[in-house]
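So the structure is just underneath, and the comments pick up after that.
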Amino acid sequence: MKFLPLIWAGLKRKKLRTALTLLSIFIAFMLFAFLGALKQALSGGVSMAGLDRLIVRHKVSLIQTLPESYKARIQGVAGVAAVCHQTWFGGIYQDPKNFFPNMPVEPAEFCAMFPEFVLSDAEKSAWLNTRTGAVVGRSTAKRFNWKVGDRIPLRSPIWLEPIGQSQWQFDIVGIFDGAKKGSDTSQLFFRYDYFEEARQREKGQVGWYTVRIADPDQAAKIATAIDREFANSPYETKTEPEGAFAQGFAQQIGDIGSIVMAVVGAVFFTILLVAGNTMVQSVRERTEELGVLKAIGFSNVLVLLLVLIESCCIAIIGGFGGLGIAWLIIASGNPIPSLLPVFILPTQSLVTGAGLAVALGLVAGALPAWQAMRLRISEALRRGA
Amino acid sequence: MSASSQPLVQIHNVTKNFKRGAEVVHVLSGLELAVDAAEFLALMGPSGSGKSTLLNLIGGLDRPTTGTVQIGDERVDQLSDRQLAAWRARHIGFVFQFYNLLPALNAERNVELPLLLTGLSKAERRRHVAAAFEAVGLTHRAKHFPRTLSGGEQQRVGIARAIVTDPTVLLCDEPTGDLDRKSGDEILALLQSLNKDHGKTIIMVTHDPHASARASRTVYLDKGQLSTTPTA
């Protein structure tokens with residue numbers, strides 16, 4: 001603590017240079033945090049996926065539908081514990097930019113399959129008893145200020161509205177929360193029987209099946225058995241773990257992880273050069289001062305530590321500041337809920353960012369600290385004379 | 001340090017060579033010097049004669065190529081870098097020609113620097129700093145930054161920094177070299193007072209005969225050898 005004024009004096013020696021370095025580190029760590037949140041948003045489904053769930057879809061693509069009759073046959077495959085289906089509805093609320101996922105499901109089976117969507121018993125009961133009932137996630141309900149009892153009109157570009165109606169109408173009977181932090185609560189689910197009766201084409205067809213298996217270790221075997229069941233049929237299937245399905249979905253716009261790593265890597269390398277250059281310059285300009293410190297008894301190791309701590313201070317103030325401000329902005333709300341159903345800064349990213357800030361300080365300060373430690377006093381004082 | 005009647009500083013058969021490329025430069029050769037406790041020694045000689053090198057050897061900033069440097073009971077030439085740093089902190093006070101104050105610290109913080117290496121509490125450090133400022137007559141300027149002080153005032157701060165730990169020896173490298181006559185005289189009077197009134201052992205390098213006249217003894221260094229008379 002008693003050396004803090006000395007370290008502080010080093011930092012404010014060239015205020016503008018220190019401020020610009022701090023700013024560059026601040027921006028870099030803000031970018032890191034936002035990319036972390038973006039990565040989480042786009043791959044969040046992967047981490048939330050159940051290990052004991054498989055997805056069965058059409059072998060050609062996700063937009064091809066499968067017969068509803070497959071449900072019973074999948075149920076019959078050894079190792080399958082439960083099956084439910086979903087179908088992409090693509091409903092639009094007022095304006096296409098108000099996008100959120102919405103699907104018809106069978107309520108009882110759906111609730112059993114996805115316990116991570118938390119509904120009260122009263123809400124579940126209301127859903128089972130209301131043919132046009134729908135449950136919506138908290139984030140979407142909040143986004144449009146919906147509450148239980150509201151009637152929601154949706155227009156689907158895929159499924160024509162029921163005969164005699166200008167739009168699909170759903171009654172909100174429940175608002176679900178996520179059981180875990182980071183759960184996607186942007187979706188709306190409504191009853192399949194209502195959808196099936198009212199739709200005008202492709203009756204008896206569903207989008208995909210979610211399958212719960214009794215033993216996750218048998219996933220590959222069961223997936224093969226399901227696909228074999230429907231081989232050489234007009235609707236061949238592709239069965240994969242839910243995580244792989246979610247990852248494939250996210251990677252439709254590229255390998256987010258690799259993109260994030262490439263951007264962060266480039267930014268950090270640049271910042272490392274900036275911070276390192278600042279410290280090297282700072283030490284070079286203070287050669288004489290460091291010589292004086294050594295002359296009055298500061299040991300080589302103490303001088304090394306002072307330079308390293310100074311470097312770490314710049315990195316930590318800039319880095320933690322950037323992470324903190326990014327965290328505040330991210331926590332204040334999702335800027336584009338139609339594109340990013342989940343927008344949170346994972347704790348892991350914060351911890352990684354904090355670690356990177358310290359590492360940046362140590363790496364950037366290592367060379368100048370070493371130079372300061374090796375500085376010969378008589379030469380340093382002579383240089384200043 | 002030793003309380004015996006032996007000289008405080010004993011330099012015996014010291015040589016110091018520097019390598020300049022393939023060439024070896026002999027700066028000091030077979031040098032002998034003894035300085036008593038509470039003595040004020042002026043060290044004179046032409047530029048490049050090795051005055052600062054000798055001062056560096058006495059202050060433990062450098063090691064002799066051969067020979068021994070003993071301050072009190074301590075063989076300074078045998079100490080490791082780490083031991084030397086600790087020894088300097090306890091026993092040596094440096095006063096530089098260009099003051100060498102840290103510009104980002106105010107005068108008080110500059111003077112406090114050597115005390116950071118001690119186990120003193122903040123209150124004790126403040127007390128020592130105040131005493132040092134009083135000794136140099138600059139208490140009213142303690143909160144000022146070096147850039148707002150005159151050359152003479154900066155050198156007083158430099159002297160306060162040098163004496164704040166009550167060192168065994170004060171080493172002054174041309175302390176008036178960057179000052180006008182009036183300020184220089186004030187600094188010399190201060191050093192003389194520290195020597196006479198407080199019993200400080202002072203070794204001062206200077207080019208200025210006017211400055212050396214304040215010392216109790218003057219030695220001359222030329223071509224790596226000491227003498228009591230200036231060389232022609």
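By order of appearance in the structure tokens: chains A, B, ..., then residues from 1 within every chain, and ligands from 1 in the order shown.
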Contacts of range 306-315 of chain A at 6 Å (only C-alpha atoms; same-chain gap of 6+ positions) as a PyMOL selection string:
chain A and resi 7+357+361+365+369
Please identify every residue of chain A that has at least one atom no more than 7 Å from any atom of chain B, counting only C-alpha atoms, and report them as a PyMOL selection string.
chain A and resi 2+9+13+289+292+295-299+377-378
Would you mind writing down, as a PyMOL selection string, each residue of range 129-187 of chain B that DSSP on the backbone assigns to strand (DSSP E)?
chain B and resi 169-173
Near range 29-46 of chain B, counting only C-alpha atoms, which residues have an atom at most 9 Å away, once you skip same-chain residues fewer than 3 positions from it, shown as number ranges by chain?
B: 5-17, 26, 49-51, 66-67, 168-169, 191-192, 195-196, 198-209, 211-226, 230-231
Based on the backbone DSSP call, show me all residues of range 18-134 of chain A assigned alpha helix (DSSP H), as a PyMOL selection string.
chain A and resi 18-48+70-75+107-113+121-129
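Within the 12 Å cut-off around Pro234 in chain A, using only C-alpha atoms and omitting residues fewer than 6 positions from it on the same chain, the listed residues are His58, Lys59, Val60, Gln64, Thr65, Leu66 and Pro67 of chain A.
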Closest pair table for range 26-121 of chain A residues within 7 Å of range 260-278 of chain A, only C-alpha atoms, as JSON lines:
{"residue": "A:Ala28", "atom": "CA", "partner": "A:Val267", "partner_atom": "CA", "distance": 6.4}
{"residue": "A:Phe32", "atom": "CA", "partner": "A:Val264", "partner_atom": "CA", "distance": 6.2}
{"residue": "A:Leu35", "atom": "CA", "partner": "A:Val260", "partner_atom": "CA", "distance": 6.2}
Just to be explicit: take each residue in the selection above, keep C-alpha atoms, and write the result as a PDB file, in the first residue's frame.
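See out14.pdb below for the written result:
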ATOM      1  CA  ALA A  28     -11.256  -3.986 -26.189  1.00  0.00           C
ATOM      2  CA  PHE A  32     -14.916  -8.906 -25.544  1.00  0.00           C
ATOM      3  CA  LEU A  35     -18.949 -10.808 -28.196  1.00  0.00           C
TER       4      LEU A  35
END
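In this comparison, which uses only C-alpha atoms, the residue of A:Thr239, A:Thr347, A:Thr185, A:Thr87 approaching Glu202 in chain A most closely is A:Thr87.
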Give me, as a PyMOL selection string, all polymer residues having an atom no more than 10 Å from range 153-165 of chain A, counting only C-alpha atoms and skipping those fewer than 5 positions away in the same chain.
chain A and resi 88-96+102+170-171+194-195+197-202
Suppose you want the space between CA of Arg63 in chain B and CA of Leu381 in chain A; what is it in Å?
15.9 Å
